[in-house]
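For reference, work-v6.txt is printed below; it contains compact mmCIF, C-alpha atoms and all ligand atoms.
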```txt
# COMPACT_ATOMS: atom_id res chain seq x y z
CA MET A 337 -32.96 30.19 -15.70
CA ALA A 338 -34.25 29.14 -12.31
CA MET A 339 -32.82 25.88 -10.97
CA ALA A 340 -35.37 23.20 -10.37
CA PRO A 341 -35.56 22.37 -6.65
CA LYS A 342 -33.65 19.23 -5.80
CA LYS A 343 -35.82 16.24 -5.20
CA PRO A 344 -35.12 14.86 -1.76
CA TYR A 345 -34.45 11.35 -3.03
CA MET A 346 -31.93 12.77 -5.48
CA LYS A 347 -30.09 14.60 -2.76
CA SER A 348 -27.27 12.19 -2.27
CA THR A 349 -25.76 10.83 -5.43
CA LYS A 350 -22.73 9.43 -3.61
CA VAL A 351 -22.36 6.32 -1.60
CA LYS A 352 -19.37 5.40 0.42
CA ARG A 353 -17.58 2.17 -0.39
CA SER A 354 -20.85 0.43 -0.93
CA VAL A 355 -19.43 -2.30 -3.12
CA ARG A 356 -16.04 -3.25 -1.82
CA LEU A 357 -15.20 -5.95 -4.31
CA ASN A 358 -15.86 -3.58 -7.15
CA SER A 359 -13.42 -1.23 -5.62
CA TRP A 360 -10.44 -2.93 -7.22
CA ARG A 361 -9.42 -2.48 -10.80
CA LYS A 362 -6.35 -3.22 -12.77
CA ASN A 363 -4.10 -0.35 -13.61
CA THR A 364 -1.66 -0.85 -16.40
CA GLN A 365 -0.17 2.61 -16.24
CA ASN A 366 3.57 2.79 -16.89
CA GLY A 367 3.41 -0.67 -18.37
CA LEU A 368 3.11 -2.07 -14.86
CA MET A 369 0.45 -4.53 -13.96
CA LYS A 370 -0.67 -3.25 -10.66
CA TRP A 371 -3.81 -3.49 -8.62
CA LYS A 372 -5.06 -0.18 -7.59
CA ALA A 373 -7.74 0.53 -5.04
CA CYS A 374 -10.49 2.85 -5.86
CA ARG A 375 -11.88 2.66 -2.39
CA SER A 376 -10.57 6.13 -1.80
CA LYS A 377 -12.92 7.56 -4.38
CA LYS A 378 -16.39 8.57 -3.43
CA TRP A 379 -18.74 6.25 -5.20
CA ASP A 380 -21.36 7.46 -7.61
CA TRP A 381 -24.49 5.59 -8.44
CA VAL A 382 -23.93 4.18 -11.90
CA PRO A 383 -26.92 3.07 -13.90
CA VAL A 384 -26.57 -0.43 -15.32
CA LYS A 385 -27.36 -0.66 -19.03
CA PRO A 386 -27.93 -4.36 -19.68
CA LEU A 387 -26.59 -5.69 -22.96
CA PRO A 388 -29.16 -7.75 -24.77
CA GLY A 389 -28.86 -11.31 -23.69
CA ALA A 390 -26.09 -10.70 -21.15
CA PHE A 391 -26.09 -11.79 -17.53
CA ILE A 392 -25.28 -9.17 -14.93
CA VAL A 393 -22.93 -10.80 -12.47
CA ASN A 394 -22.02 -9.54 -9.04
CA PHE A 395 -20.17 -10.92 -6.03
CA GLY A 396 -21.93 -11.67 -2.79
CA ASP A 397 -20.74 -11.11 0.76
CA ALA A 398 -19.38 -14.64 1.10
CA ILE A 399 -16.89 -14.12 -1.67
CA GLU A 400 -16.03 -10.65 -0.50
CA ASN A 401 -15.10 -11.87 2.96
CA LYS A 402 -12.93 -14.63 1.59
CA ALA A 403 -11.21 -12.42 -0.97
CA ASP A 404 -10.50 -9.65 1.44
CA GLU A 405 -9.47 -11.78 4.42
CA TYR A 406 -6.11 -10.19 5.14
CA GLY A 407 -5.98 -7.57 2.41
CA SER A 408 -4.99 -3.99 3.07
CA ILE A 409 -6.00 -0.82 1.24
CA PRO A 410 -3.09 0.32 -0.91
CA VAL A 411 -1.61 3.61 0.25
CA PRO A 412 1.35 5.67 -0.99
CA ASN A 413 4.76 4.09 -0.95
CA VAL A 414 6.53 5.53 2.08
CA GLN A 415 10.07 4.99 0.84
CA TYR A 416 9.20 6.97 -2.28
CA LEU A 417 7.44 9.66 -0.26
CA ALA A 418 10.48 10.04 2.00
CA MET A 419 12.86 10.34 -0.96
CA ASN A 420 11.15 13.45 -2.21
CA GLU A 421 12.40 15.87 0.42
CA LEU A 422 9.02 16.72 1.80
CA LYS A 423 8.47 20.16 3.22
CA GLU A 424 5.65 18.87 5.25
CA ILE A 425 4.70 15.33 6.19
CA PRO A 426 1.19 14.48 4.93
CA SER A 427 -1.22 14.72 7.84
CA ARG A 428 -2.20 11.05 7.55
CA TYR A 429 1.21 10.17 8.97
CA ILE A 430 1.24 12.62 11.86
CA GLN A 431 0.38 10.63 14.96
CA PRO A 432 -0.16 12.73 18.08
CA LYS A 433 0.47 9.71 20.27
CA ALA A 434 4.03 9.41 18.96
CA GLU A 435 4.99 12.47 20.94
CA THR A 436 2.83 12.17 24.02
CA ASP A 437 3.60 8.59 25.00
CA ARG A 438 6.55 8.55 27.34
CA VAL A 439 9.74 6.83 26.33
CA SER A 440 11.71 5.48 29.22
CA ILE A 441 15.24 6.78 29.35
CA ASP A 442 16.15 4.39 32.12
CA GLU A 443 19.04 2.61 30.45
CA SER A 444 19.07 0.00 33.16
CA ARG A 445 15.79 -1.43 31.87
CA GLU A 446 16.63 -3.92 29.22
CA ILE A 447 14.96 -7.05 28.03
CA PRO A 448 16.54 -10.26 29.37
CA VAL A 449 19.20 -12.18 27.46
CA ILE A 450 18.73 -15.93 27.15
CA ASP A 451 21.41 -18.37 26.04
CA LEU A 452 20.00 -21.32 24.09
CA GLN A 453 23.02 -23.55 24.79
CA GLU A 454 22.58 -22.93 28.50
CA LEU A 455 18.90 -23.81 28.18
CA LEU A 456 19.69 -27.04 26.41
CA HIS A 457 22.79 -28.17 28.29
CA GLY A 458 23.10 -25.96 31.39
CA GLN A 459 23.32 -27.49 34.84
CA GLY A 460 20.98 -26.70 37.70
CA GLY A 461 18.14 -25.25 35.62
CA ASP A 462 19.07 -21.62 36.26
CA GLN A 463 18.74 -20.64 32.63
CA MET A 464 15.38 -22.41 32.39
CA ALA A 465 14.21 -20.36 35.38
CA SER A 466 15.44 -17.12 33.74
CA PHE A 467 13.71 -18.18 30.53
CA HIS A 468 10.43 -18.70 32.40
CA THR A 469 10.72 -15.28 34.03
CA ALA A 470 11.56 -13.65 30.69
CA CYS A 471 8.43 -15.12 29.08
CA LYS A 472 6.26 -14.30 32.11
CA ASP A 473 7.42 -10.84 33.12
CA TRP A 474 8.77 -9.44 29.88
CA GLY A 475 7.26 -11.41 26.99
CA PHE A 476 10.43 -10.37 25.14
CA PHE A 477 14.05 -11.51 25.30
CA GLN A 478 17.21 -11.62 23.23
CA LEU A 479 18.37 -15.09 22.28
CA ILE A 480 22.09 -15.75 21.94
CA ASN A 481 23.97 -18.92 20.95
CA HIS A 482 20.89 -19.94 18.99
CA ASP A 483 22.66 -22.18 16.45
CA VAL A 484 21.21 -20.39 13.42
CA THR A 485 24.02 -20.22 10.85
CA GLU A 486 25.68 -16.84 10.95
CA GLY A 487 26.20 -16.89 7.19
CA ILE A 488 22.49 -17.14 6.49
CA ILE A 489 21.69 -14.25 8.81
CA GLU A 490 24.24 -12.04 7.06
CA LYS A 491 22.93 -13.16 3.69
CA ILE A 492 19.30 -12.38 4.44
CA LYS A 493 20.25 -8.96 5.77
CA GLY A 494 22.25 -8.18 2.61
CA ASP A 495 19.54 -9.41 0.25
CA ALA A 496 16.84 -7.51 2.14
CA GLU A 497 18.81 -4.27 1.90
CA GLU A 498 19.45 -4.85 -1.77
CA PHE A 499 15.79 -5.53 -2.45
CA PHE A 500 14.72 -2.26 -0.87
CA ARG A 501 17.39 -0.41 -2.86
CA LEU A 502 15.80 -1.57 -6.13
CA PRO A 503 13.88 1.07 -8.08
CA LEU A 504 10.22 1.32 -7.15
CA GLU A 505 9.02 -0.30 -10.41
CA LYS A 506 11.16 -3.36 -9.75
CA LYS A 507 9.80 -3.78 -6.25
CA GLU A 508 6.29 -3.22 -7.52
CA ALA A 509 6.62 -6.31 -9.66
CA TYR A 510 5.82 -8.00 -6.31
CA ALA A 511 3.08 -5.56 -5.32
CA GLN A 512 0.40 -6.87 -3.02
CA GLN A 513 -2.86 -7.88 -4.61
CA PRO A 514 -6.24 -7.32 -3.06
CA GLU A 515 -6.78 -10.72 -1.54
CA THR A 516 -3.58 -10.93 0.46
CA ILE A 517 -0.87 -9.02 2.21
CA GLN A 518 1.81 -11.13 0.59
CA GLY A 519 4.23 -9.12 -1.48
CA TYR A 520 5.31 -5.52 -1.38
CA GLY A 521 3.07 -2.87 0.12
CA GLN A 522 1.55 -2.10 3.50
CA ALA A 523 -0.58 -3.88 6.03
CA PHE A 524 -3.42 -3.07 8.40
CA VAL A 525 -4.85 -0.20 6.36
CA VAL A 526 -8.58 -0.69 6.59
CA SER A 527 -10.01 2.79 6.17
CA GLU A 528 -9.27 5.99 4.35
CA GLU A 529 -9.48 7.90 7.62
CA GLN A 530 -6.99 6.08 9.78
CA LYS A 531 -3.49 7.34 10.57
CA LEU A 532 -0.74 5.58 8.64
CA ASP A 533 2.51 4.06 9.78
CA TRP A 534 5.79 5.29 8.31
CA ARG A 535 6.70 1.94 6.85
CA ASP A 536 6.62 -0.28 3.79
CA ILE A 537 6.69 -4.05 4.04
CA PHE A 538 7.53 -7.08 2.01
CA SER A 539 5.88 -10.22 3.30
CA LEU A 540 5.46 -13.85 2.36
CA ARG A 541 3.57 -16.79 3.75
CA THR A 542 6.52 -19.16 3.95
CA PHE A 543 4.85 -22.22 5.51
CA PRO A 544 3.08 -24.52 4.84
CA ILE A 545 5.16 -24.99 1.70
CA ALA A 546 2.07 -25.93 -0.32
CA GLU A 547 0.66 -22.46 0.36
CA ARG A 548 3.64 -20.57 -1.05
CA LEU A 549 2.73 -18.23 -3.88
CA ALA A 550 5.62 -18.25 -6.33
CA LYS A 551 4.66 -14.95 -7.93
CA PHE A 552 5.64 -13.10 -4.77
CA TRP A 553 9.03 -14.79 -4.32
CA PRO A 554 11.57 -12.29 -5.58
CA THR A 555 14.09 -13.03 -8.32
CA SER A 556 15.98 -9.85 -7.58
CA PRO A 557 18.47 -9.97 -5.97
CA THR A 558 18.99 -13.32 -7.66
CA SER A 559 19.78 -15.25 -4.48
CA PHE A 560 16.92 -13.72 -2.49
CA SER A 561 14.33 -16.50 -2.77
CA GLU A 562 16.83 -19.20 -1.95
CA THR A 563 18.11 -17.17 1.00
CA ILE A 564 14.58 -16.71 2.33
CA GLU A 565 13.92 -20.41 1.95
CA ARG A 566 17.01 -21.39 3.93
CA TYR A 567 16.44 -18.73 6.53
CA VAL A 568 12.82 -19.61 7.28
CA GLU A 569 13.66 -23.30 7.41
CA GLU A 570 16.27 -22.71 10.10
CA LEU A 571 13.94 -20.44 12.02
CA GLN A 572 11.19 -23.01 11.95
CA GLN A 573 13.54 -25.47 13.64
CA LEU A 574 14.51 -22.85 16.21
CA ASN A 575 10.85 -22.14 16.91
CA LEU A 576 10.21 -25.79 17.59
CA ARG A 577 13.12 -25.99 20.02
CA LEU A 578 11.88 -22.92 21.85
CA LEU A 579 8.34 -24.30 22.03
CA GLU A 580 9.62 -27.58 23.46
CA LEU A 581 11.46 -25.67 26.19
CA ILE A 582 8.46 -23.46 26.83
CA ALA A 583 6.26 -26.57 27.18
CA LYS A 584 8.68 -27.89 29.80
CA ASN A 585 8.50 -24.66 31.76
CA LEU A 586 4.71 -24.60 31.57
CA GLY A 587 4.37 -28.24 32.58
CA VAL A 588 2.70 -29.17 29.30
CA ASP A 589 3.60 -32.13 27.12
CA ALA A 590 6.02 -30.86 24.41
CA ASP A 591 4.08 -32.55 21.60
CA LYS A 592 0.91 -30.92 22.74
CA LEU A 593 2.41 -27.47 22.26
CA THR A 594 4.37 -28.17 19.08
CA ASN A 595 1.31 -29.84 17.55
CA THR A 596 -0.47 -26.49 17.63
CA CYS A 597 1.79 -25.45 14.76
CA LYS A 598 2.25 -28.75 12.99
CA ASN A 599 2.13 -27.75 9.30
CA GLY A 600 1.39 -24.35 10.73
CA THR A 601 1.58 -21.02 9.06
CA GLN A 602 4.76 -19.04 9.11
CA TRP A 603 4.91 -15.45 7.90
CA PHE A 604 8.09 -13.74 6.82
CA ARG A 605 8.12 -9.97 6.80
CA ILE A 606 10.68 -7.30 6.09
CA ASN A 607 9.80 -3.94 7.61
CA TYR A 608 11.34 -0.96 5.86
CA TYR A 609 11.27 2.30 7.83
CA PRO A 610 12.54 5.28 5.83
CA PRO A 611 14.09 8.20 7.69
CA CYS A 612 11.73 11.09 8.42
CA PRO A 613 12.72 14.69 9.15
CA GLN A 614 9.86 14.87 11.64
CA ALA A 615 10.64 11.50 13.16
CA ASP A 616 9.05 12.31 16.51
CA LYS A 617 5.69 13.00 14.86
CA VAL A 618 5.36 9.71 13.00
CA ILE A 619 5.30 6.05 14.04
CA GLY A 620 7.11 3.30 12.16
CA ILE A 621 4.80 0.56 13.41
CA SER A 622 1.85 1.36 15.68
CA PRO A 623 1.64 -0.22 19.11
CA HIS A 624 0.49 -3.81 18.76
CA SER A 625 0.99 -7.31 20.00
CA ASP A 626 1.78 -10.08 17.51
CA ALA A 627 -0.81 -12.69 16.59
CA SER A 628 1.84 -15.41 16.55
CA LEU A 629 2.89 -18.10 18.99
CA ILE A 630 6.43 -16.78 18.79
CA THR A 631 8.07 -14.05 16.73
CA LEU A 632 11.78 -14.02 15.88
CA LEU A 633 13.14 -10.67 14.77
CA ILE A 634 16.46 -9.31 13.64
CA GLN A 635 17.43 -5.78 12.94
CA VAL A 636 19.26 -5.40 9.64
CA ASN A 637 21.50 -2.42 10.32
CA GLU A 638 22.47 -0.76 13.59
CA VAL A 639 19.58 1.74 13.57
CA GLU A 640 17.40 1.04 16.60
CA GLY A 641 13.70 1.74 16.93
CA LEU A 642 11.86 -1.15 18.58
CA GLN A 643 10.24 -0.22 21.90
CA ILE A 644 8.25 -2.43 24.21
CA LYS A 645 5.65 -1.44 26.77
CA LYS A 646 6.65 -2.22 30.32
CA ASN A 647 4.62 -0.92 33.26
CA GLY A 648 3.17 1.89 31.16
CA THR A 649 6.42 3.19 29.67
CA TRP A 650 8.16 2.41 26.41
CA VAL A 651 11.47 0.66 26.85
CA PRO A 652 13.84 0.82 23.85
CA VAL A 653 15.35 -2.49 22.76
CA LYS A 654 19.10 -2.46 22.13
CA PRO A 655 19.81 -5.47 19.95
CA LEU A 656 22.95 -7.45 20.72
CA PRO A 657 24.95 -8.29 17.60
CA GLY A 658 23.94 -11.69 16.29
CA ALA A 659 21.05 -12.15 18.74
CA PHE A 660 17.41 -12.79 17.88
CA ILE A 661 14.79 -10.64 19.50
CA VAL A 662 12.14 -13.12 20.52
CA ASN A 663 8.66 -12.34 21.69
CA ILE A 664 5.64 -14.23 22.88
CA GLY A 665 2.60 -13.71 20.67
CA ASP A 666 -1.15 -13.70 21.34
CA ALA A 667 -1.56 -17.43 20.62
CA LEU A 668 0.92 -18.37 23.32
CA GLU A 669 -0.65 -15.94 25.77
CA MET A 670 -3.98 -17.71 25.20
CA LEU A 671 -2.55 -21.25 25.33
CA SER A 672 -0.66 -20.45 28.54
CA ASN A 673 -3.80 -18.90 30.04
CA GLY A 674 -2.00 -15.58 30.43
CA VAL A 675 1.00 -17.01 32.31
CA TYR A 676 3.09 -15.74 29.39
CA LYS A 677 2.36 -12.30 28.02
CA SER A 678 2.14 -11.05 24.47
CA ILE A 679 3.59 -7.61 25.03
CA GLU A 680 2.68 -4.44 23.19
CA HIS A 681 5.49 -3.01 21.13
CA ARG A 682 6.01 -0.34 18.48
CA GLY A 683 8.68 1.04 16.17
CA ALA A 684 10.16 4.52 16.24
CA ILE A 685 11.66 6.31 13.25
CA ASN A 686 15.15 7.71 12.87
CA PRO A 687 15.40 11.27 11.47
CA GLU A 688 18.39 10.53 9.26
CA ARG A 689 18.76 6.85 8.61
CA GLU A 690 16.61 4.08 7.24
CA ARG A 691 15.85 1.13 9.47
CA LEU A 692 15.06 -2.41 8.39
CA SER A 693 13.96 -5.39 10.40
CA ILE A 694 13.07 -8.94 9.49
CA ALA A 695 10.36 -10.67 11.47
CA VAL A 696 9.32 -14.30 11.25
CA PHE A 697 5.98 -15.14 12.83
CA GLN A 698 5.14 -18.71 13.74
CA LEU A 699 1.38 -19.13 13.79
CA PRO A 700 -0.87 -22.01 14.80
CA THR A 701 -1.99 -24.48 12.16
CA SER A 702 -4.88 -23.20 10.11
CA GLY A 703 -8.20 -24.56 11.30
CA ILE A 704 -7.29 -25.38 14.90
CA LEU A 705 -8.93 -24.14 18.05
CA VAL A 706 -6.72 -22.17 20.42
CA GLY A 707 -7.52 -21.76 24.10
CA PRO A 708 -5.87 -22.33 27.47
CA PHE A 709 -4.30 -25.75 28.09
CA GLU A 710 -5.92 -27.52 31.00
CA GLU A 711 -2.51 -28.00 32.66
CA VAL A 712 -2.23 -24.24 33.16
CA LEU A 713 -5.76 -23.42 34.28
CA GLY A 714 -4.85 -23.25 37.97
CA ASN A 715 -7.59 -22.42 40.44
CA SER A 716 -9.01 -19.50 38.55
CA GLY A 717 -10.03 -21.43 35.43
CA ALA A 718 -9.83 -20.31 31.81
CA LYS A 719 -9.13 -16.62 31.34
CA TYR A 720 -9.51 -16.77 27.55
CA LYS A 721 -12.13 -18.11 25.21
CA THR A 722 -11.19 -21.01 22.99
CA VAL A 723 -11.31 -19.68 19.44
CA ASP A 724 -10.92 -20.83 15.87
CA TYR A 725 -7.55 -19.28 15.07
CA ASP A 726 -8.46 -18.48 11.48
CA GLU A 727 -11.30 -16.36 12.85
CA TYR A 728 -8.89 -14.77 15.28
CA MET A 729 -6.55 -13.87 12.42
CA LYS A 730 -9.41 -12.33 10.52
CA SER A 731 -10.28 -10.19 13.50
CA TYR A 732 -6.59 -9.33 13.96
CA PHE A 733 -6.13 -8.18 10.38
CA GLY A 734 -9.55 -6.59 10.16
CA THR A 735 -8.61 -3.33 11.88
CA LYS A 736 -5.75 -0.95 12.24
CA LEU A 737 -2.98 -2.18 14.54
CA GLU A 738 -4.23 -1.13 17.92
CA GLY A 739 -2.51 -2.39 21.02
CA LYS A 740 -3.93 -5.69 22.21
CA ARG A 741 -7.41 -5.10 20.78
CA ALA A 742 -7.85 -8.52 19.15
CA LEU A 743 -6.63 -10.29 22.28
CA ASP A 744 -8.86 -8.22 24.57
CA LEU A 745 -11.88 -9.52 22.64
CA VAL A 746 -11.16 -13.12 23.62
CA LYS A 747 -10.43 -12.44 27.28
CA LEU A 748 -12.87 -13.70 29.86
CA GLY A 749 -12.93 -10.84 32.37
CA GLU A 750 -9.96 -9.01 33.87
CA ILE A 751 -6.51 -10.57 33.67
C1 LIG A 801 6.48 -6.48 13.70
C2 LIG A 801 7.28 -5.64 14.64
C3 LIG A 801 9.24 -4.33 15.08
C4 LIG A 801 10.48 -3.86 14.41
O1 LIG A 801 6.87 -6.57 12.52
O2 LIG A 801 5.47 -7.05 14.15
O3 LIG A 801 6.87 -5.50 15.74
O4 LIG A 801 11.45 -3.61 15.13
N1 LIG A 801 8.40 -5.07 14.20
O5 LIG A 801 10.46 -3.72 13.19
NI NI A 802 5.33 -6.95 16.20
```

Mind converting the file's structure to structure tokens?
Ligand code: OGA
Ligand code: NI
Amino acid sequence: MAMAPKKPYMKSTKVKRSVRLNSWRKNTQNGLMKWKACRSKKWDWVPVKPLPGAFIVNFGDAIENKADEYGSIPVPNVQYLAMNELKEIPSRYIQPKAETDRVSIDESREIPVIDLQELLHGQGGDQMASFHTACKDWGFFQLINHDVTEGIIEKIKGDAEEFFRLPLEKKEAYAQQPETIQGYGQAFVVSEEQKLDWRDIFSLRTFPIAERLAKFWPTSPTSFSETIERYVEELQQLNLRLLELIAKNLGVDADKLTNTCKNGTQWFRINYYPPCPQADKVIGISPHSDASLITLLIQVNEVEGLQIKKNGTWVPVKPLPGAFIVNIGDALEMLSNGVYKSIEHRGAINPERERLSIAVFQLPTSGILVGPFEEVLGNSGAKYKTVDYDEYMKSYFGTKLEGKRALDLVKLGEI
């Protein structure tokens, strides 16, 4: 029987991700309550058959934007993928740039080391001068003698390792849900086409306290939630001390700077980087700058991987035992009118061993405007727009991690 010619208007029966909110459904497979994205599926046109007397309800754009603010498209669990002795790494993880970008092997290039006790009590201001240079020329430094209780650092490292050793189903009890990147999953996946990082994360919005979502705070290991609580509290204090010292170096009133994060948001994130037999073809975390004012990071075991961009080459960071790796984020680059730099960094993968890091991001208070302080304008005037930081965060989370893309959008001309 001859086929009837296709009618032109019938030609395409598929639409691509036309209704994003509808793209989430609950999946109760394996007895697990888990949100699963269907965005990966090609969408068919589905006729609506109204029930007598029923309303047909759909979400508008306003709700979609709110719901999806920082959400990420769920993708395969990388730890699980890596466990299954892959013959070949799925192509979505192969990143040509991982190989072509040069890695500096100049061991003499290392990020500066800053001693907090010297900053606070040192004579002559030498350490304050080194601190200023570190923030200006490197945007990264290692902080020693920081007063954070050693016991709590060891505890958070142990609990983090134990959490990631739990079976997948246990970790998935904290799986991310569509409206947020809190919980266990991935971040910055915004399209089905983009390359993926070789990493899983567990993240929480730890401040303001009123914004904490209990369902994501882990009960396994049993001490984990309490450990996180104590850890982030100490780090918040440390952040404030650093901001006060930074204000001094910038010639800005300390309150003015610390007020930018009064009741501000703090994010806690554990990065889990499984080993990969083709480690040089994948990237643990793509090059990016942080959206924070300040980020405080520790490496959990001795496996290194963090690299920072300095004069066009990647410089590996060699963490000192017990030190925090501190970096200036985009918000501080804007507030300081570019005097301090939010430096691009990325994470490499080890072929044999897993790597874990714990990052705490101090962000400005929700709802405030962030732009250069007048004290630092100099003769050249503002080099950055003043922006609503919630909007900035939306723009930051709205695409794949890509260098300093979000920051470039708020720059006024060349810096
Ligand atoms: C981050 C980050 C680097 C690392 O989480 O933003 O840059 O060493 N992590 O894990
Ligand atoms: Ni980072």

Mind running chain A against ligand LIG 801 (chain A) at 10 Å and telling me each contacting residue's nearest atom pair with the distance in Å (one decimal), counting all atoms listed in the file, chain and number ascending, as JSON lines?
```
{"residue": "A:Arg535", "atom": "CA", "partner": "A:LIG801", "partner_atom": "O5", "distance": 9.3}
{"residue": "A:Ile537", "atom": "CA", "partner": "A:LIG801", "partner_atom": "O1", "distance": 8.8}
{"residue": "A:Ser539", "atom": "CA", "partner": "A:LIG801", "partner_atom": "O1", "distance": 10.0}
{"residue": "A:Phe604", "atom": "CA", "partner": "A:LIG801", "partner_atom": "O1", "distance": 9.2}
{"residue": "A:Arg605", "atom": "CA", "partner": "A:LIG801", "partner_atom": "O1", "distance": 6.8}
{"residue": "A:Ile606", "atom": "CA", "partner": "A:LIG801", "partner_atom": "O1", "distance": 7.5}
{"residue": "A:Asn607", "atom": "CA", "partner": "A:LIG801", "partner_atom": "O5", "distance": 5.6}
{"residue": "A:Tyr608", "atom": "CA", "partner": "A:LIG801", "partner_atom": "O5", "distance": 7.9}
{"residue": "A:Tyr609", "atom": "CA", "partner": "A:LIG801", "partner_atom": "O5", "distance": 8.1}
{"residue": "A:Gly620", "atom": "CA", "partner": "A:LIG801", "partner_atom": "O5", "distance": 7.8}
{"residue": "A:Ile621", "atom": "CA", "partner": "A:LIG801", "partner_atom": "N1", "distance": 6.7}
{"residue": "A:Ser622", "atom": "CA", "partner": "A:LIG801", "partner_atom": "O3", "distance": 8.5}
{"residue": "A:Pro623", "atom": "CA", "partner": "A:LIG801", "partner_atom": "O3", "distance": 8.2}
{"residue": "A:His624", "atom": "CA", "partner": "A:LIG801", "partner_atom": "O3", "distance": 7.3}
{"residue": "A:Ser625", "atom": "CA", "partner": "A:LIG801", "partner_atom": "O2", "distance": 7.4}
{"residue": "A:Asp626", "atom": "CA", "partner": "A:LIG801", "partner_atom": "O2", "distance": 5.8}
{"residue": "A:Ala627", "atom": "CA", "partner": "A:LIG801", "partner_atom": "O2", "distance": 8.8}
{"residue": "A:Ser628", "atom": "CA", "partner": "A:LIG801", "partner_atom": "O2", "distance": 9.4}
{"residue": "A:Thr631", "atom": "CA", "partner": "A:LIG801", "partner_atom": "O2", "distance": 7.9}
{"residue": "A:Leu632", "atom": "CA", "partner": "A:LIG801", "partner_atom": "C1", "distance": 9.5}
{"residue": "A:Leu633", "atom": "CA", "partner": "A:LIG801", "partner_atom": "O4", "distance": 7.3}
{"residue": "A:Ile634", "atom": "CA", "partner": "A:LIG801", "partner_atom": "O4", "distance": 7.7}
{"residue": "A:Gln635", "atom": "CA", "partner": "A:LIG801", "partner_atom": "O4", "distance": 6.7}
{"residue": "A:Val636", "atom": "CA", "partner": "A:LIG801", "partner_atom": "O5", "distance": 9.6}
{"residue": "A:Val639", "atom": "CA", "partner": "A:LIG801", "partner_atom": "O4", "distance": 9.9}
{"residue": "A:Glu640", "atom": "CA", "partner": "A:LIG801", "partner_atom": "O4", "distance": 7.7}
{"residue": "A:Gly641", "atom": "CA", "partner": "A:LIG801", "partner_atom": "O4", "distance": 6.1}
{"residue": "A:Leu642", "atom": "CA", "partner": "A:LIG801", "partner_atom": "O4", "distance": 4.3}
{"residue": "A:Gln643", "atom": "CA", "partner": "A:LIG801", "partner_atom": "O4", "distance": 7.7}
{"residue": "A:Ile644", "atom": "CA", "partner": "A:LIG801", "partner_atom": "O3", "distance": 9.1}
{"residue": "A:Val653", "atom": "CA", "partner": "A:LIG801", "partner_atom": "O4", "distance": 8.6}
{"residue": "A:Pro655", "atom": "CA", "partner": "A:LIG801", "partner_atom": "O4", "distance": 9.8}
{"residue": "A:Ile661", "atom": "CA", "partner": "A:LIG801", "partner_atom": "O4", "distance": 8.9}
{"residue": "A:Asn663", "atom": "CA", "partner": "A:LIG801", "partner_atom": "O3", "distance": 9.2}
{"residue": "A:Gly665", "atom": "CA", "partner": "A:LIG801", "partner_atom": "O2", "distance": 9.8}
{"residue": "A:Glu680", "atom": "CA", "partner": "A:LIG801", "partner_atom": "O3", "distance": 8.6}
{"residue": "A:His681", "atom": "CA", "partner": "A:LIG801", "partner_atom": "O3", "distance": 6.1}
{"residue": "A:Arg682", "atom": "CA", "partner": "A:LIG801", "partner_atom": "O3", "distance": 5.9}
{"residue": "A:Gly683", "atom": "CA", "partner": "A:LIG801", "partner_atom": "C3", "distance": 5.5}
{"residue": "A:Ala684", "atom": "CA", "partner": "A:LIG801", "partner_atom": "O4", "distance": 8.3}
{"residue": "A:Arg691", "atom": "CA", "partner": "A:LIG801", "partner_atom": "O5", "distance": 8.1}
{"residue": "A:Leu692", "atom": "CA", "partner": "A:LIG801", "partner_atom": "O5", "distance": 6.8}
{"residue": "A:Ser693", "atom": "CA", "partner": "A:LIG801", "partner_atom": "O5", "distance": 4.8}
{"residue": "A:Ile694", "atom": "CA", "partner": "A:LIG801", "partner_atom": "O5", "distance": 6.9}
{"residue": "A:Ala695", "atom": "CA", "partner": "A:LIG801", "partner_atom": "O1", "distance": 5.5}
{"residue": "A:Val696", "atom": "CA", "partner": "A:LIG801", "partner_atom": "O1", "distance": 8.2}
{"residue": "A:Phe697", "atom": "CA", "partner": "A:LIG801", "partner_atom": "O2", "distance": 8.2}
{"residue": "A:Leu737", "atom": "CA", "partner": "A:LIG801", "partner_atom": "O2", "distance": 9.8}
```

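Minimum atom-to-atom distances from A:Glu528, A:Glu570, A:Asp666, A:Asp726 to ligand NI 802 (chain A) were compared using only C-alpha atoms and all ligand atoms, and the lowest value belongs to A:Asp666.
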
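The smallest atom-to-atom distance between A:Thr516 and any of A:Ala718, A:Leu532, A:Val618, A:Leu540, using all atoms listed in the file, is found for A:Leu540.
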
Top pick for closest residue to ligand NI 802 (chain A), considering A:Glu497, A:Asp437, A:Glu688, A:Glu738 and counting all atoms listed in the file: A:Glu738

Gap from atom CA of A:Thr563 to atom CA of A:Gln478 - Å, one decimal: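 Result for atom CA of A:Thr563 versus atom CA of A:Gln478: 22.9 Å, one decimal.
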
Distance of atom CA of A:Lys719 from atom CA of A:Cys471, expressed in Å to one decimal place: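 It comes out at 17.8 Å.
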
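Nearest residue to A:Gln572 among A:Thr594, A:Gln530, A:Gln698, A:Gln431 is A:Gln698, counting only C-alpha atoms.
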
Between atom CA of A:Glu690 and atom CA of A:Ile488, distance in Å (one decimal):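 Atom CA of A:Ile488 lies 22.0 Å from atom CA of A:Glu690.
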
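If only C-alpha atoms are the atoms counted, then among A:Val746, A:Val568, A:Ile447, A:Met464 the closest residue to A:Asn585 is A:Met464.
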
Nearest residue to ligand NI 802 (chain A) from the set A:Ser427, A:Thr722, A:Ser678, A:Asn686 (distances using all atoms listed in the file): A:Ser678
